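Heads up, target_32.cif below (mmCIF, C-alpha atoms):
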```cif
data_final
loop_
_atom_site.label_atom_id
_atom_site.label_comp_id
_atom_site.auth_asym_id
_atom_site.auth_seq_id
_atom_site.Cartn_x
_atom_site.Cartn_y
_atom_site.Cartn_z
CA MET R 1 0.00 0.00 0.00
CA ILE R 2 1.28 3.46 -0.88
CA HIS R 3 1.85 5.65 2.15
CA ALA R 4 3.59 8.86 3.14
CA ILE R 5 7.16 8.85 4.46
CA SER R 6 9.69 11.46 5.50
CA ALA R 7 12.67 12.57 3.46
CA SER R 8 15.00 10.88 5.92
CA GLN R 9 13.35 7.51 5.15
CA ILE R 10 14.34 7.60 1.48
CA PRO R 11 17.37 5.35 0.90
CA SER R 12 20.15 5.96 -1.60
CA ILE R 13 18.09 5.03 -4.65
CA HIS R 14 19.56 4.71 -8.15
CA GLY R 15 18.64 3.47 -11.61
CA SER R 16 16.35 6.12 -13.05
CA GLU R 17 16.04 9.83 -13.72
CA GLY R 18 13.25 9.83 -11.15
CA ALA R 19 15.57 8.42 -8.49
CA ILE R 20 18.03 11.27 -9.00
CA ARG R 21 15.31 13.91 -8.82
CA ILE R 22 13.62 12.42 -5.73
CA LEU R 23 16.83 12.00 -3.77
CA SER R 24 17.92 15.51 -4.75
CA LEU R 25 14.67 17.00 -3.43
CA ALA R 26 15.08 15.06 -0.19
CA LYS R 27 18.60 16.40 0.26
CA ALA R 28 17.72 19.99 -0.69
CA TYR R 29 14.48 20.34 1.28
CA GLY R 30 14.56 17.63 3.93
CA ASP R 31 11.59 17.13 6.26
CA GLU R 32 11.14 20.61 7.64
CA SER R 33 9.75 22.69 4.80
CA GLY R 34 6.59 20.75 3.96
CA ILE R 35 7.11 21.87 0.36
CA VAL R 36 7.77 18.31 -0.84
CA GLN R 37 5.72 15.22 0.05
CA TYR R 38 7.23 11.74 -0.23
CA TYR R 39 5.59 8.34 -0.70
CA THR R 40 6.58 4.69 -1.06
CA ASP R 41 4.88 1.45 -2.10
CA ASP R 42 7.15 -0.62 0.19
CA VAL R 43 8.52 -2.67 -2.74
CA GLY R 44 11.23 -0.21 -3.73
CA GLY R 45 9.08 2.40 -5.44
CA TYR R 46 9.19 6.04 -4.36
CA ALA R 47 7.52 9.27 -5.38
CA ALA R 48 7.98 12.94 -4.53
CA LEU R 49 5.25 15.56 -5.02
CA PHE R 50 6.61 19.02 -5.68
CA ASP R 51 4.89 22.09 -7.12
CA GLY R 52 2.15 20.07 -8.82
CA THR R 53 4.46 17.45 -10.35
CA ALA R 54 4.86 13.88 -9.09
CA ILE R 55 8.27 12.34 -9.72
CA VAL R 56 8.34 8.54 -9.67
CA HIS R 57 11.01 5.87 -9.30
CA ARG R 58 9.82 2.26 -9.70
CA VAL R 59 11.64 -1.07 -9.47
CA SER R 60 8.51 -3.20 -9.96
CA ASP R 61 6.26 -3.34 -13.03
CA ARG R 62 3.25 -3.05 -10.74
CA SER R 63 1.54 0.19 -11.76
CA ASP R 64 -2.18 -0.01 -10.92
CA GLU R 65 -1.75 1.22 -7.36
CA TRP R 66 0.38 4.22 -8.40
CA VAL R 67 -2.03 5.10 -11.25
CA ALA R 68 -4.97 5.07 -8.84
CA PHE R 69 -3.04 7.07 -6.27
CA PHE R 70 -2.11 9.90 -8.64
CA SER R 71 -5.58 9.91 -10.19
CA PHE R 72 -7.11 10.70 -6.81
CA VAL R 73 -4.63 13.40 -5.79
CA PRO R 74 -6.18 16.53 -7.33
CA HIS R 75 -3.14 18.79 -7.10
CA VAL R 76 -0.98 16.44 -9.22
CA ARG R 77 -0.92 18.13 -12.62
CA ALA R 78 1.89 16.06 -14.15
CA VAL R 79 3.79 12.83 -13.50
CA ARG R 80 7.49 12.41 -14.41
CA CYS R 81 8.42 8.75 -14.60
CA ASP R 82 9.64 5.91 -16.84
CA VAL R 83 8.10 5.31 -20.26
CA LYS R 84 6.28 2.11 -19.33
CA PHE R 85 4.49 3.68 -16.39
CA ALA R 86 3.69 6.80 -18.42
CA GLN R 87 1.97 4.63 -21.03
CA CYS R 88 -0.25 3.07 -18.34
CA LEU R 89 -1.11 6.48 -16.93
CA SER R 90 -1.77 7.86 -20.41
CA GLN R 91 -4.43 5.23 -21.05
CA VAL R 92 -6.28 6.12 -17.85
CA TRP R 93 -5.97 9.90 -18.18
CA ASN R 94 -6.40 9.87 -21.97
CA ARG R 95 -3.45 12.21 -22.28
CA PRO R 96 -0.36 11.98 -24.53
CA VAL R 97 3.08 10.90 -23.34
CA ASP R 98 6.08 13.18 -23.70
CA SER R 99 9.25 11.10 -23.58
CA GLY R 100 12.93 10.97 -24.42
CA ILE R 101 16.22 9.33 -23.58
CA LEU R 102 18.46 9.73 -20.56
CA MET R 103 22.18 10.06 -21.32
CA SER R 104 25.27 9.71 -19.15
CA TYR R 105 28.74 11.16 -19.67
CA ASN R 106 31.27 8.59 -20.82
CA GLY R 107 34.24 10.68 -21.94
CA ALA R 108 37.50 11.92 -20.53
CA ARG R 109 37.62 14.82 -18.11
CA PRO R 110 36.87 17.93 -20.21
CA ALA R 111 39.32 20.78 -20.50
CA GLU R 112 38.61 23.87 -18.45
CA GLN R 113 35.91 26.01 -20.04
CA GLN R 114 35.58 29.79 -19.89
CA THR R 115 32.22 30.12 -18.14
CA GLU R 116 30.81 31.91 -15.12
CA ASP R 117 29.44 30.03 -12.11
CA SER R 118 26.95 32.68 -11.02
CA VAL R 119 24.43 35.00 -12.62
CA ARG R 120 21.50 37.11 -11.47
CA LEU R 121 18.49 34.81 -11.55
CA ASP R 122 16.20 37.57 -12.77
CA ASP R 123 18.54 37.92 -15.79
CA LEU R 124 18.73 34.15 -16.32
CA TYR R 125 14.98 33.52 -16.28
CA PRO R 126 14.15 35.37 -19.54
CA LEU R 127 16.93 33.42 -21.29
CA LEU R 128 15.53 30.12 -20.04
CA LYS R 129 12.05 31.07 -21.24
CA THR R 130 13.36 31.27 -24.83
CA GLY R 131 14.13 27.54 -24.71
CA PHE R 132 11.55 26.37 -22.19
CA PRO R 133 8.25 28.23 -22.71
CA SER R 134 6.48 26.05 -20.11
CA LEU R 135 8.88 27.06 -17.34
CA PRO R 136 7.03 27.75 -14.05
CA PRO R 137 6.17 31.37 -13.22
CA PHE R 138 9.18 33.38 -12.10
CA ASP R 139 8.27 33.54 -8.41
CA SER R 140 7.96 29.78 -7.89
CA TRP R 141 10.99 29.08 -10.10
CA TYR R 142 13.07 31.65 -8.22
CA VAL R 143 12.11 30.30 -4.79
CA ASP R 144 13.22 26.78 -5.75
CA VAL R 145 16.43 27.61 -7.63
CA SER R 146 17.64 30.23 -5.15
CA HIS R 147 16.97 27.82 -2.26
CA ARG R 148 18.99 25.05 -3.88
CA ILE R 149 21.84 27.42 -4.77
CA ARG R 150 22.03 28.78 -1.22
CA HIS R 151 22.18 25.24 0.19
CA GLY R 152 24.77 24.01 -2.31
CA HIS R 153 22.42 21.76 -4.30
CA CYS R 154 22.42 23.67 -7.59
CA HIS R 155 25.36 24.86 -9.67
CA LEU R 156 25.40 27.01 -12.80
CA ALA R 157 27.61 27.49 -15.82
CA CYS R 158 26.87 30.61 -17.86
CA ILE R 159 28.34 32.69 -20.65
CA SER R 160 27.53 36.40 -20.70
CA LEU R 161 28.07 38.99 -23.39
CA ASP R 162 27.62 42.73 -22.83
CA GLY R 163 26.56 42.02 -19.26
CA SER R 164 23.70 39.64 -20.09
CA PRO R 165 23.65 35.82 -20.06
CA VAL R 166 23.41 34.32 -23.56
CA SER R 167 23.97 30.65 -22.75
CA SER R 168 23.63 28.51 -19.64
CA ALA R 169 23.33 25.08 -18.10
CA MET R 170 22.73 24.01 -14.52
CA THR R 171 22.40 21.01 -12.27
CA VAL R 172 18.68 20.37 -11.96
CA ALA R 173 19.25 17.56 -9.45
CA GLU R 174 22.23 16.64 -7.26
CA ALA R 175 21.92 13.32 -5.46
CA GLY R 176 25.26 12.34 -3.99
CA GLU R 177 27.14 10.44 -6.69
CA ASP R 178 24.44 11.10 -9.31
CA ILE R 179 24.19 14.50 -11.01
CA LEU R 180 21.47 15.50 -13.47
CA LEU R 181 22.18 18.42 -15.79
CA GLY R 182 19.52 20.46 -17.55
CA ALA R 183 18.17 23.93 -18.35
CA VAL R 184 20.60 24.05 -21.28
CA VAL R 185 19.76 27.05 -23.45
CA THR R 186 21.34 29.62 -25.74
CA ASP R 187 19.89 32.92 -26.87
CA PRO R 188 18.59 32.41 -30.46
CA ASN R 189 20.88 35.21 -31.67
CA TYR R 190 23.99 33.37 -30.42
CA ARG R 191 23.31 29.76 -31.37
CA HIS R 192 25.63 27.49 -33.40
CA ARG R 193 28.74 28.93 -31.73
CA GLY R 194 29.38 26.07 -29.30
CA LEU R 195 28.28 28.08 -26.25
CA ALA R 196 25.85 25.50 -24.85
CA GLY R 197 28.48 22.79 -25.18
CA ARG R 198 30.95 24.88 -23.20
CA CYS R 199 28.42 25.33 -20.41
CA VAL R 200 27.62 21.62 -20.26
CA LEU R 201 31.28 20.58 -20.29
CA SER R 202 32.07 23.10 -17.57
CA LEU R 203 29.63 21.30 -15.26
CA VAL R 204 30.84 17.87 -16.38
CA ARG R 205 34.38 18.94 -15.45
CA ARG R 206 33.20 20.21 -12.06
CA PHE R 207 31.49 16.90 -11.23
CA TYR R 208 33.84 14.57 -13.09
CA GLY R 209 34.19 11.31 -11.18
CA ARG R 210 30.50 11.18 -10.39
CA ALA R 211 27.76 9.83 -12.67
CA VAL R 212 26.67 12.83 -14.72
CA TYR R 213 23.37 12.54 -16.60
CA ILE R 214 21.35 14.74 -18.93
CA ALA R 215 17.85 14.33 -20.40
CA PRO R 216 17.73 15.90 -23.89
CA ILE R 217 14.41 17.44 -24.84
CA ASN R 218 14.74 16.63 -28.54
CA GLU R 219 16.91 14.85 -31.13
CA SER R 220 18.98 17.95 -31.85
CA ALA R 221 19.95 18.23 -28.17
CA ALA R 222 20.69 14.50 -28.02
CA ALA R 223 23.02 14.82 -31.01
CA LEU R 224 24.89 17.67 -29.31
CA TYR R 225 25.35 15.71 -26.09
CA LYS R 226 26.53 12.65 -28.02
CA ARG R 227 29.25 14.79 -29.64
CA LEU R 228 30.26 15.98 -26.15
CA GLY R 229 30.74 12.42 -24.89
CA PHE R 230 27.34 11.34 -23.55
CA ILE R 231 25.82 7.92 -24.27
CA GLU R 232 22.27 6.61 -23.92
CA ALA R 233 21.57 5.29 -20.41
CA GLY R 234 17.80 5.07 -19.99
CA ASN R 235 14.63 7.00 -20.63
CA TRP R 236 12.27 9.56 -19.15
CA ALA R 237 8.61 10.30 -19.72
CA GLN R 238 5.98 12.75 -18.54
CA VAL R 239 2.18 12.78 -18.65
CA THR R 240 0.35 16.05 -18.03
CA ARG R 241 -3.33 16.31 -17.19
#
```

What does the file become when written as structure tokens?
Amino acid sequence: MIHAISASQIPSIHGSEGAIRILSLAKAYGDESGIVQYYTDDVGGYAALFDGTAIVHRVSDRSDEWVAFFSFVPHVRAVRCDVKFAQCLSQVWNRPVDSGILMSYNGARPAEQQTEDSVRLDDLYPLLKTGFPSLPPFDSWYVDVSHRIRHGHCHLACISLDGSPVSSAMTVAEAGEDILLGAVVTDPNYRHRGLAGRCVLSLVRRFYGRAVYIAPINESAAALYKRLGFIEAGNWAQVTR
């Protein structure tokens, strides 16, 4: 039976994008904030509910209980999970599945890149919106990212020109030995100059020795990451009500 647990009850889970995201939330927010709710099915499956999105890590193919659970939680607007579970949820919700591959870095330690490790978040947000139109509203995005930066659970790599960021990448989840990169974007006026690659490799260099993952949002991004030294390592999926 699925039931609530505390952040401190989540073990060191691995094996999926969801595991990295859940463990990262537990480390960044802990038990005190009440911002994140955690659940388990007692057979190795875990979920975290954060800002309307449920993030799921499963080790069993059993899905009916999780589908029913999320269907009866009204504030769950989206579920981030593996492809197989997303397909089950899609049939019940009658909603499409958005999916892609998960990649891990498999190259040598990159050379040092000329990037910045900090930027004003109110300058970064408009840049991110050019690549991610569905980004949460600024206030909720700022509260989360600034919290994780202050507590050492989010790191940035940016390139600025004329005082404004034109390309960036960041760690969207840090879970001990597993690091998930994301929010990779370049201003449309500065694309095809290798800037995004420099930002990604800067973070890979910083966390070299750990397992560094990235979840490309399309085939073009996947091709870029493959050139940088990433290989396919799994999948991700999301169903939105």

message = When the PyMOL selection byres ((chain R and resi 225) around 10) is applied to the structure above, which residues does it catch, written out as a list in words?
response =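 On the file shown, the PyMOL selection byres ((chain R and resi 225) around 10) covers Met103, Ser104, Tyr105, Ala196, Gly197, Val200, Leu201, Ile214, Ala215, Pro216, Glu219, Ser220, Ala221, Ala222, Ala223, Leu224, Lys226, Arg227, Leu228, Gly229, Phe230, Ile231 and Glu232 of chain R.
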
task = Could you jot down the CA of Leu49 in chain R to CA of Glu65 in chain R separation for me, Å, one decimal place?
result =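 Distance between the two atoms: 16.1 Å.
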
inquiry  = Give me the residues near range 109-111 of chain R as a VMD selection string, where near means some atom within 9 Å (using only C-alpha atoms) and where sequence neighbours in that chain fewer than 6 positions away do not count.
reply    = chain R and resid 201 to 202 204 to 205 208 to 209

query = What's the 10 Å shell around Gln114 in chain R, counting all atoms listed in the file, without same-chain residues fewer than 3 positions away, as a list in words?
reply =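 The residues that qualify are Ala111, Asp117, Ala157, Cys158, Ile159, Leu195, Arg198, Cys199 and Ser202 of chain R.
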
Resolved residues for the PyMOL selection byres ((chain R and resi 178-190) around 7) as a PyMOL selection string = chain R and resi 20+127-128+131+166-177+191-193+196+210-215

note = Judged by all atoms listed in the file, the minimum distance to Arg206 in chain R among R:Leu135, R:Gln113, R:Ser8, R:Gln238 is found for R:Gln113

ask   = In Å to one decimal, how far is CA of Phe50 in chain R from CA of Ser16 in chain R?
value =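 It comes out at 17.8 Å.
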
request  = Just the residues within 12 Å of Cys81 in chain R, please, counting only C-alpha atoms, with nothing from its chain fewer than 6 positions along; format it as a ChimeraX atom specification.
outcome  = /R:15-22,45-48,53-59,63,66-67,87-90,97-102,234-240

Please return the centre and edge lengths, in Å to one decimal, of a box with edges along x, y and z that contains all listed atoms of range 117-135 of chain R, widened by 5 Å on every side, as JSON.
```
{"center_x": 18.0, "center_y": 32.0, "center_z": -17.9, "size_x": 33.0, "size_y": 21.9, "size_z": 23.8}
```

request  = Quick one: pull the distance between CA of Asp64 in chain R and CA of Val83 in chain R, Å, one decimal.
outcome  =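 So the answer is 14.9 Å.
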
message = Measuring between only C-alpha atoms, which one of R:Ala108, R:Ile13, R:Val143, R:Leu203 shows the shortest distance to His155 in chain R?
response = R:Leu203

Please check which residues have atoms at most 12 Å from (14.1, 36.5, -13.8) in the file's coordinates, counting only C-alpha atoms, and write them as an mmCIF file with C-alpha atoms, keeping the file's coordinate frame.
```
data_model
loop_
_atom_site.group_PDB
_atom_site.id
_atom_site.type_symbol
_atom_site.label_atom_id
_atom_site.label_comp_id
_atom_site.auth_asym_id
_atom_site.auth_seq_id
_atom_site.Cartn_x
_atom_site.Cartn_y
_atom_site.Cartn_z
ATOM 1 C CA VAL R 119 24.430 35.000 -12.620
ATOM 2 C CA ARG R 120 21.500 37.110 -11.470
ATOM 3 C CA LEU R 121 18.490 34.810 -11.550
ATOM 4 C CA ASP R 122 16.200 37.570 -12.770
ATOM 5 C CA ASP R 123 18.540 37.920 -15.790
ATOM 6 C CA LEU R 124 18.730 34.150 -16.320
ATOM 7 C CA TYR R 125 14.980 33.520 -16.280
ATOM 8 C CA PRO R 126 14.150 35.370 -19.540
ATOM 9 C CA LEU R 127 16.930 33.420 -21.290
ATOM 10 C CA LEU R 128 15.530 30.120 -20.040
ATOM 11 C CA LYS R 129 12.050 31.070 -21.240
ATOM 12 C CA LEU R 135 8.880 27.060 -17.340
ATOM 13 C CA PRO R 136 7.030 27.750 -14.050
ATOM 14 C CA PRO R 137 6.170 31.370 -13.220
ATOM 15 C CA PHE R 138 9.180 33.380 -12.100
ATOM 16 C CA ASP R 139 8.270 33.540 -8.410
ATOM 17 C CA SER R 140 7.960 29.780 -7.890
ATOM 18 C CA TRP R 141 10.990 29.080 -10.100
ATOM 19 C CA TYR R 142 13.070 31.650 -8.220
ATOM 20 C CA VAL R 143 12.110 30.300 -4.790
ATOM 21 C CA VAL R 145 16.430 27.610 -7.630
ATOM 22 C CA SER R 146 17.640 30.230 -5.150
ATOM 23 C CA SER R 164 23.700 39.640 -20.090
ATOM 24 C CA PRO R 165 23.650 35.820 -20.060
#
```

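When all atoms listed in the file are used to measure the gap to Gly34 in chain R, the shortest distance among R:Ile217, R:Gly52, R:Ala7, R:Leu161 belongs to R:Ala7.
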
note = Min atom-atom distance to Arg150 in chain R from the set R:Ser118, R:Asp82, R:Gln91, R:Leu23, counting all atoms listed in the file, belongs to R:Ser118
